[in-house]
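Shown next: work.txt, containing compact mmCIF, C-alpha atoms and all ligand atoms.
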```
# COMPACT_ATOMS: atom_id res chain seq x y z
CA MET A 6 -37.74 14.15 -14.07
CA ALA A 7 -39.07 17.62 -13.26
CA ILE A 8 -41.19 19.79 -15.54
CA GLU A 9 -38.87 22.27 -17.27
CA ARG A 10 -39.24 25.28 -19.52
CA THR A 11 -36.91 26.19 -22.37
CA LEU A 12 -36.63 29.00 -24.89
CA SER A 13 -37.08 28.18 -28.57
CA ILE A 14 -36.62 30.50 -31.55
CA ILE A 15 -37.87 29.94 -35.08
CA LYS A 16 -35.18 31.86 -36.98
CA PRO A 17 -35.51 34.26 -39.96
CA ASP A 18 -34.63 31.63 -42.59
CA ALA A 19 -37.62 29.57 -41.43
CA THR A 20 -40.15 32.40 -40.99
CA LYS A 21 -39.18 33.63 -44.48
CA ARG A 22 -40.02 30.20 -45.97
CA ASN A 23 -43.35 30.03 -44.07
CA LEU A 24 -42.23 27.00 -42.03
CA ASN A 25 -43.61 28.03 -38.62
CA GLY A 26 -46.50 25.59 -38.65
CA ARG A 27 -44.39 22.65 -39.74
CA ILE A 28 -41.83 23.39 -37.01
CA VAL A 29 -44.56 23.77 -34.35
CA THR A 30 -45.98 20.40 -35.44
CA MET A 31 -42.57 18.76 -34.90
CA LEU A 32 -42.16 20.41 -31.46
CA GLU A 33 -45.63 19.26 -30.36
CA ALA A 34 -45.02 15.75 -31.73
CA ALA A 35 -41.96 15.66 -29.44
CA SER A 36 -44.32 16.27 -26.46
CA LEU A 37 -43.27 19.92 -26.03
CA ARG A 38 -46.13 22.28 -25.06
CA ILE A 39 -45.98 25.92 -26.21
CA VAL A 40 -46.86 28.02 -23.15
CA ALA A 41 -45.87 31.38 -24.71
CA GLN A 42 -45.21 32.49 -28.26
CA LYS A 43 -44.76 35.76 -30.16
CA ARG A 44 -43.46 37.00 -33.49
CA ILE A 45 -40.92 39.82 -33.23
CA HIS A 46 -38.22 41.49 -35.32
CA LEU A 47 -34.96 42.03 -33.41
CA THR A 48 -32.62 44.95 -33.97
CA MET A 49 -28.95 44.16 -34.47
CA ALA A 50 -28.28 45.42 -30.91
CA GLN A 51 -31.01 43.19 -29.41
CA ALA A 52 -29.62 40.16 -31.26
CA GLY A 53 -26.16 41.11 -30.00
CA VAL A 54 -27.29 41.08 -26.38
CA PHE A 55 -29.04 37.73 -26.81
CA TYR A 56 -25.92 36.12 -28.33
CA ALA A 57 -23.39 38.02 -26.14
CA VAL A 58 -21.86 34.70 -25.05
CA HIS A 59 -20.60 34.29 -28.64
CA LYS A 60 -19.14 37.82 -28.87
CA ALA A 61 -15.55 36.62 -29.30
CA ARG A 62 -16.45 34.11 -32.05
CA PRO A 63 -15.59 34.93 -35.68
CA PHE A 64 -19.22 34.37 -36.72
CA TYR A 65 -20.73 36.79 -34.14
CA ASP A 66 -21.41 39.73 -36.50
CA GLU A 67 -22.82 37.42 -39.18
CA LEU A 68 -25.01 35.74 -36.56
CA CYS A 69 -26.40 39.07 -35.28
CA GLU A 70 -27.00 40.33 -38.83
CA PHE A 71 -28.86 37.15 -39.71
CA MET A 72 -30.97 37.11 -36.52
CA SER A 73 -32.05 40.71 -37.18
CA SER A 74 -32.63 40.19 -40.92
CA GLY A 75 -36.31 39.25 -40.58
CA PRO A 76 -39.04 38.21 -38.16
CA ILE A 77 -38.46 35.46 -35.62
CA VAL A 78 -40.92 33.52 -33.46
CA VAL A 79 -39.85 33.20 -29.83
CA GLN A 80 -41.49 30.47 -27.78
CA VAL A 81 -41.40 29.01 -24.30
CA LEU A 82 -41.72 25.22 -24.40
CA GLU A 83 -42.74 23.18 -21.38
CA ALA A 84 -42.35 19.45 -20.74
CA GLU A 85 -40.64 16.94 -18.55
CA ASP A 86 -36.97 17.28 -19.53
CA ALA A 87 -37.91 20.06 -21.99
CA ILE A 88 -34.35 21.30 -22.61
CA ALA A 89 -33.04 17.90 -23.74
CA LYS A 90 -36.28 17.04 -25.60
CA ASN A 91 -36.07 20.27 -27.58
CA ARG A 92 -32.39 19.82 -28.39
CA ALA A 93 -33.11 16.28 -29.59
CA VAL A 94 -35.88 17.36 -31.97
CA MET A 95 -33.82 20.37 -33.20
CA GLY A 96 -30.83 18.19 -34.19
CA ALA A 97 -27.16 19.16 -34.44
CA THR A 98 -26.20 22.82 -35.02
CA ASN A 99 -24.66 21.91 -38.38
CA PRO A 100 -27.43 20.43 -40.57
CA ASP A 101 -24.86 18.16 -42.27
CA GLN A 102 -24.51 16.41 -38.89
CA ALA A 103 -28.20 16.51 -37.88
CA ALA A 104 -30.01 13.19 -37.54
CA PRO A 105 -32.89 12.24 -39.84
CA GLY A 106 -36.26 13.33 -38.42
CA THR A 107 -34.89 16.46 -36.77
CA ILE A 108 -35.95 20.04 -37.57
CA ARG A 109 -32.49 21.11 -38.72
CA LYS A 110 -32.09 18.04 -40.94
CA ALA A 111 -35.45 18.84 -42.53
CA PHE A 112 -35.16 22.60 -42.90
CA ALA A 113 -31.76 24.18 -42.04
CA LEU A 114 -29.88 25.81 -44.91
CA SER A 115 -26.44 26.02 -43.25
CA ILE A 116 -24.74 26.10 -39.82
CA GLY A 117 -25.68 29.80 -39.58
CA GLU A 118 -29.15 29.71 -41.11
CA ASN A 119 -30.19 26.69 -39.09
CA SER A 120 -33.91 27.40 -38.61
CA VAL A 121 -34.20 27.05 -34.82
CA HIS A 122 -32.48 27.88 -31.53
CA GLY A 123 -32.96 26.12 -28.19
CA SER A 124 -31.53 26.84 -24.74
CA ASP A 125 -28.59 24.60 -23.82
CA GLY A 126 -29.11 24.33 -20.05
CA ALA A 127 -31.32 25.28 -17.12
CA ASP A 128 -29.55 28.55 -16.27
CA THR A 129 -29.45 29.62 -19.92
CA ALA A 130 -33.13 28.75 -20.33
CA ALA A 131 -34.15 30.94 -17.39
CA ALA A 132 -32.04 33.86 -18.66
CA GLU A 133 -33.23 33.49 -22.28
CA ILE A 134 -36.92 33.23 -21.29
CA GLY A 135 -36.50 36.33 -19.12
CA TYR A 136 -34.96 38.23 -22.05
CA PHE A 137 -38.09 37.84 -24.18
CA PHE A 138 -41.04 37.23 -21.86
CA ALA A 139 -42.63 38.69 -18.73
CA GLY A 140 -43.93 36.19 -16.19
CA LEU A 141 -47.56 37.03 -16.97
CA GLU A 142 -47.05 35.96 -20.60
CA LEU A 143 -46.26 32.36 -19.64
CA VAL A 144 -49.52 30.44 -19.57
CA GLY A 145 -49.01 26.77 -18.73
P1 LIG B 201 -27.79 28.59 -32.02
O1 LIG B 201 -28.26 27.30 -31.45
O2 LIG B 201 -28.77 29.68 -32.20
O3 LIG B 201 -26.56 29.13 -31.15
C1 LIG B 201 -25.53 29.92 -31.67
C2 LIG B 201 -25.62 30.04 -33.16
O4 LIG B 201 -24.43 30.46 -33.79
C3 LIG B 201 -25.89 28.69 -33.76
O5 LIG B 201 -27.18 28.26 -33.47
C4 LIG B 201 -25.59 28.93 -35.22
O6 LIG B 201 -26.70 29.48 -35.90
C5 LIG B 201 -24.50 29.98 -35.12
N1 LIG B 201 -23.22 29.38 -35.48
C6 LIG B 201 -22.53 28.45 -34.81
N2 LIG B 201 -21.39 28.15 -35.46
C7 LIG B 201 -21.37 28.92 -36.57
C8 LIG B 201 -20.46 29.07 -37.64
N3 LIG B 201 -19.33 28.35 -37.69
N4 LIG B 201 -20.75 29.96 -38.60
C9 LIG B 201 -21.89 30.70 -38.54
N5 LIG B 201 -22.80 30.60 -37.53
C10 LIG B 201 -22.54 29.70 -36.57
```
Step by step, read the file and then write its structure as structure tokens.
Amino acid sequence: MAIERTLSIIKPDATKRNLNGRIVTMLEAASLRIVAQKRIHLTMAQAGVFYAVHKARPFYDELCEFMSSGPIVVQVLEAEDAIAKNRAVMGATNPDQAAPGTIRKAFALSIGENSVHGSDGADTAAAEIGYFFAGLELVG
């Protein structure tokens, strides 16, 4: 399996509750290495561009409002099979369906305020990393 990179976001519900360190610990325990990380506060428009794929969904406006409601931490994670590893440790989108031991089971408040985001495939990961980071910021 090749070394991959994936984009991770610690969402506003988690930064607000001071959970960054506990989430980083769970990512690192899952053998994911943080090769870039920064804390930013998105505008509604910037959140809208990031989640443009969901534009037709009924929850799109709510999602963009939430993602611009407070600081987020964007990260690039590196590992063998990083995309699948990250999705496994995040758990299901809906915390009611997330497995024990996952980040969303531990911390998510609802399907919307679900603490973390992770890229869902190789093409998405490349596009999402490029949205937030310049090449020089990725230090493996
Ligand atoms: P994420 O992995 O960031 O990708 C899209 C996000 O949309 C998802 O996590 C949820 O936070 C959000 N989402 C998905 N379904 C719903 C829903 N039914 N209601 C509100 N938000 C949702």
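Put simply, atom C1 of ligand LIG 201 (chain B) is 26.6 Å away from CA of Met6 in chain A.
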Residues contacting ligand LIG 201 (chain B) - anything with an atom at most 10 Å away, using all atoms listed in the file - can you give me those as an NGL selection string?
:A and (13-16 or 55-56 or 58-59 or 62-69 or 71-72 or 92 or 95-99 or 113 or 115-125)
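Using all atoms listed in the file, the shortest contact distance between Val144 in chain A and any of A:Leu12, A:Val81, A:Ala93, A:Leu32 is found at A:Val81.
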Produce a table with one row for each residue of range 51-121 of chain A that has an atom at most 10 Å from any atom of range 22-31 of chain A, each row naming the nearest atom pair and its distance in Å at one decimal; use all atoms listed in the file; arrange rows by chain and rising residue number; format as JSON lines.
```
{"residue": "A:Ile77", "atom": "CA", "partner": "A:Asn25", "partner_atom": "CA", "distance": 9.5}
{"residue": "A:Val78", "atom": "CA", "partner": "A:Asn25", "partner_atom": "CA", "distance": 8.0}
{"residue": "A:Gln80", "atom": "CA", "partner": "A:Val29", "partner_atom": "CA", "distance": 9.9}
{"residue": "A:Asn91", "atom": "CA", "partner": "A:Met31", "partner_atom": "CA", "distance": 9.9}
{"residue": "A:Val94", "atom": "CA", "partner": "A:Met31", "partner_atom": "CA", "distance": 7.4}
{"residue": "A:Met95", "atom": "CA", "partner": "A:Met31", "partner_atom": "CA", "distance": 9.1}
{"residue": "A:Gly106", "atom": "CA", "partner": "A:Met31", "partner_atom": "CA", "distance": 9.0}
{"residue": "A:Thr107", "atom": "CA", "partner": "A:Met31", "partner_atom": "CA", "distance": 8.2}
{"residue": "A:Ile108", "atom": "CA", "partner": "A:Ile28", "partner_atom": "CA", "distance": 6.8}
{"residue": "A:Arg109", "atom": "CA", "partner": "A:Ile28", "partner_atom": "CA", "distance": 9.8}
{"residue": "A:Ala111", "atom": "CA", "partner": "A:Ile28", "partner_atom": "CA", "distance": 9.6}
{"residue": "A:Phe112", "atom": "CA", "partner": "A:Leu24", "partner_atom": "CA", "distance": 8.4}
{"residue": "A:Ser120", "atom": "CA", "partner": "A:Leu24", "partner_atom": "CA", "distance": 9.0}
{"residue": "A:Val121", "atom": "CA", "partner": "A:Ile28", "partner_atom": "CA", "distance": 8.7}
```
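Of note, CA of Ala84 in chain A and CA of Asp18 in chain A are spaced 26.2 Å apart.
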Which residues are near Ala7 in chain A? Cut-off 10 Å, all atoms listed in the file, ignore same chain within fewer than 4 positions. Put them as a PDB file with C-alpha atoms, in the frame of the given file.
```pdb
ATOM      1  CA  ALA A  84     -42.350  19.450 -20.740  1.00  0.00           C
ATOM      2  CA  GLU A  85     -40.640  16.940 -18.550  1.00  0.00           C
ATOM      3  CA  ASP A  86     -36.970  17.280 -19.530  1.00  0.00           C
ATOM      4  CA  ALA A  87     -37.910  20.060 -21.990  1.00  0.00           C
TER       5      ALA A  87
END
```
Rebuild range 25-46 of chain A to N, CA, C and O atoms - output it as a PDB file, in the coordinates of the input, please.
```
ATOM      1  N   ASN A  25     -43.266  28.023 -40.052  1.00  0.00           N
ATOM      2  CA  ASN A  25     -43.610  28.030 -38.620  1.00  0.00           C
ATOM      3  C   ASN A  25     -44.497  26.862 -38.225  1.00  0.00           C
ATOM      4  O   ASN A  25     -44.246  26.183 -37.237  1.00  0.00           O
ATOM      5  N   GLY A  26     -45.552  26.639 -38.998  1.00  0.00           N
ATOM      6  CA  GLY A  26     -46.500  25.590 -38.650  1.00  0.00           C
ATOM      7  C   GLY A  26     -45.873  24.210 -38.661  1.00  0.00           C
ATOM      8  O   GLY A  26     -46.121  23.380 -37.776  1.00  0.00           O
ATOM      9  N   ARG A  27     -45.024  23.970 -39.650  1.00  0.00           N
ATOM     10  CA  ARG A  27     -44.390  22.650 -39.740  1.00  0.00           C
ATOM     11  C   ARG A  27     -43.418  22.437 -38.583  1.00  0.00           C
ATOM     12  O   ARG A  27     -43.281  21.330 -38.053  1.00  0.00           O
ATOM     13  N   ILE A  28     -42.742  23.512 -38.155  1.00  0.00           N
ATOM     14  CA  ILE A  28     -41.830  23.390 -37.010  1.00  0.00           C
ATOM     15  C   ILE A  28     -42.624  23.197 -35.712  1.00  0.00           C
ATOM     16  O   ILE A  28     -42.287  22.327 -34.888  1.00  0.00           O
ATOM     17  N   VAL A  29     -43.710  23.949 -35.542  1.00  0.00           N
ATOM     18  CA  VAL A  29     -44.560  23.770 -34.350  1.00  0.00           C
ATOM     19  C   VAL A  29     -45.078  22.330 -34.282  1.00  0.00           C
ATOM     20  O   VAL A  29     -45.102  21.705 -33.214  1.00  0.00           O
ATOM     21  N   THR A  30     -45.483  21.790 -35.413  1.00  0.00           N
ATOM     22  CA  THR A  30     -45.980  20.400 -35.440  1.00  0.00           C
ATOM     23  C   THR A  30     -44.905  19.432 -34.936  1.00  0.00           C
ATOM     24  O   THR A  30     -45.193  18.504 -34.164  1.00  0.00           O
ATOM     25  N   MET A  31     -43.657  19.658 -35.338  1.00  0.00           N
ATOM     26  CA  MET A  31     -42.570  18.760 -34.900  1.00  0.00           C
ATOM     27  C   MET A  31     -42.287  18.935 -33.407  1.00  0.00           C
ATOM     28  O   MET A  31     -42.017  17.957 -32.700  1.00  0.00           O
ATOM     29  N   LEU A  32     -42.367  20.182 -32.906  1.00  0.00           N
ATOM     30  CA  LEU A  32     -42.160  20.410 -31.460  1.00  0.00           C
ATOM     31  C   LEU A  32     -43.255  19.706 -30.659  1.00  0.00           C
ATOM     32  O   LEU A  32     -42.981  19.020 -29.663  1.00  0.00           O
ATOM     33  N   GLU A  33     -44.504  19.865 -31.098  1.00  0.00           N
ATOM     34  CA  GLU A  33     -45.630  19.260 -30.360  1.00  0.00           C
ATOM     35  C   GLU A  33     -45.579  17.728 -30.456  1.00  0.00           C
ATOM     36  O   GLU A  33     -45.897  17.035 -29.472  1.00  0.00           O
ATOM     37  N   ALA A  34     -45.138  17.218 -31.592  1.00  0.00           N
ATOM     38  CA  ALA A  34     -45.020  15.750 -31.730  1.00  0.00           C
ATOM     39  C   ALA A  34     -43.944  15.204 -30.798  1.00  0.00           C
ATOM     40  O   ALA A  34     -43.981  14.023 -30.425  1.00  0.00           O
ATOM     41  N   ALA A  35     -43.001  16.065 -30.394  1.00  0.00           N
ATOM     42  CA  ALA A  35     -41.960  15.660 -29.440  1.00  0.00           C
ATOM     43  C   ALA A  35     -42.413  15.894 -27.996  1.00  0.00           C
ATOM     44  O   ALA A  35     -41.590  15.888 -27.067  1.00  0.00           O
ATOM     45  N   SER A  36     -43.724  16.099 -27.798  1.00  0.00           N
ATOM     46  CA  SER A  36     -44.320  16.270 -26.460  1.00  0.00           C
ATOM     47  C   SER A  36     -43.948  17.573 -25.788  1.00  0.00           C
ATOM     48  O   SER A  36     -43.992  17.676 -24.562  1.00  0.00           O
ATOM     49  N   LEU A  37     -43.551  18.582 -26.577  1.00  0.00           N
ATOM     50  CA  LEU A  37     -43.270  19.920 -26.030  1.00  0.00           C
ATOM     51  C   LEU A  37     -44.527  20.767 -26.167  1.00  0.00           C
ATOM     52  O   LEU A  37     -45.146  20.795 -27.240  1.00  0.00           O
ATOM     53  N   ARG A  38     -44.917  21.444 -25.082  1.00  0.00           N
ATOM     54  CA  ARG A  38     -46.130  22.280 -25.060  1.00  0.00           C
ATOM     55  C   ARG A  38     -45.709  23.747 -25.142  1.00  0.00           C
ATOM     56  O   ARG A  38     -44.857  24.196 -24.360  1.00  0.00           O
ATOM     57  N   ILE A  39     -46.294  24.487 -26.083  1.00  0.00           N
ATOM     58  CA  ILE A  39     -45.980  25.920 -26.210  1.00  0.00           C
ATOM     59  C   ILE A  39     -46.807  26.686 -25.194  1.00  0.00           C
ATOM     60  O   ILE A  39     -48.038  26.732 -25.303  1.00  0.00           O
ATOM     61  N   VAL A  40     -46.141  27.277 -24.201  1.00  0.00           N
ATOM     62  CA  VAL A  40     -46.860  28.020 -23.150  1.00  0.00           C
ATOM     63  C   VAL A  40     -46.738  29.530 -23.325  1.00  0.00           C
ATOM     64  O   VAL A  40     -47.334  30.301 -22.570  1.00  0.00           O
ATOM     65  N   ALA A  41     -45.949  29.953 -24.317  1.00  0.00           N
ATOM     66  CA  ALA A  41     -45.870  31.380 -24.710  1.00  0.00           C
ATOM     67  C   ALA A  41     -45.267  31.422 -26.105  1.00  0.00           C
ATOM     68  O   ALA A  41     -44.427  30.579 -26.446  1.00  0.00           O
ATOM     69  N   GLN A  42     -45.720  32.390 -26.883  1.00  0.00           N
ATOM     70  CA  GLN A  42     -45.210  32.490 -28.260  1.00  0.00           C
ATOM     71  C   GLN A  42     -45.482  33.896 -28.800  1.00  0.00           C
ATOM     72  O   GLN A  42     -46.583  34.414 -28.609  1.00  0.00           O
ATOM     73  N   LYS A  43     -44.497  34.498 -29.458  1.00  0.00           N
ATOM     74  CA  LYS A  43     -44.760  35.760 -30.160  1.00  0.00           C
ATOM     75  C   LYS A  43     -43.787  35.935 -31.316  1.00  0.00           C
ATOM     76  O   LYS A  43     -42.673  35.393 -31.303  1.00  0.00           O
ATOM     77  N   ARG A  44     -44.259  36.716 -32.308  1.00  0.00           N
ATOM     78  CA  ARG A  44     -43.460  37.000 -33.490  1.00  0.00           C
ATOM     79  C   ARG A  44     -42.898  38.408 -33.329  1.00  0.00           C
ATOM     80  O   ARG A  44     -43.651  39.364 -33.096  1.00  0.00           O
ATOM     81  N   ILE A  45     -41.581  38.534 -33.436  1.00  0.00           N
ATOM     82  CA  ILE A  45     -40.920  39.820 -33.230  1.00  0.00           C
ATOM     83  C   ILE A  45     -39.832  39.998 -34.287  1.00  0.00           C
ATOM     84  O   ILE A  45     -39.462  39.040 -34.977  1.00  0.00           O
ATOM     85  N   HIS A  46     -39.336  41.220 -34.404  1.00  0.00           N
ATOM     86  CA  HIS A  46     -38.220  41.490 -35.320  1.00  0.00           C
ATOM     87  C   HIS A  46     -37.131  42.197 -34.504  1.00  0.00           C
ATOM     88  O   HIS A  46     -37.297  43.356 -34.119  1.00  0.00           O
TER      89      HIS A  46
END
```
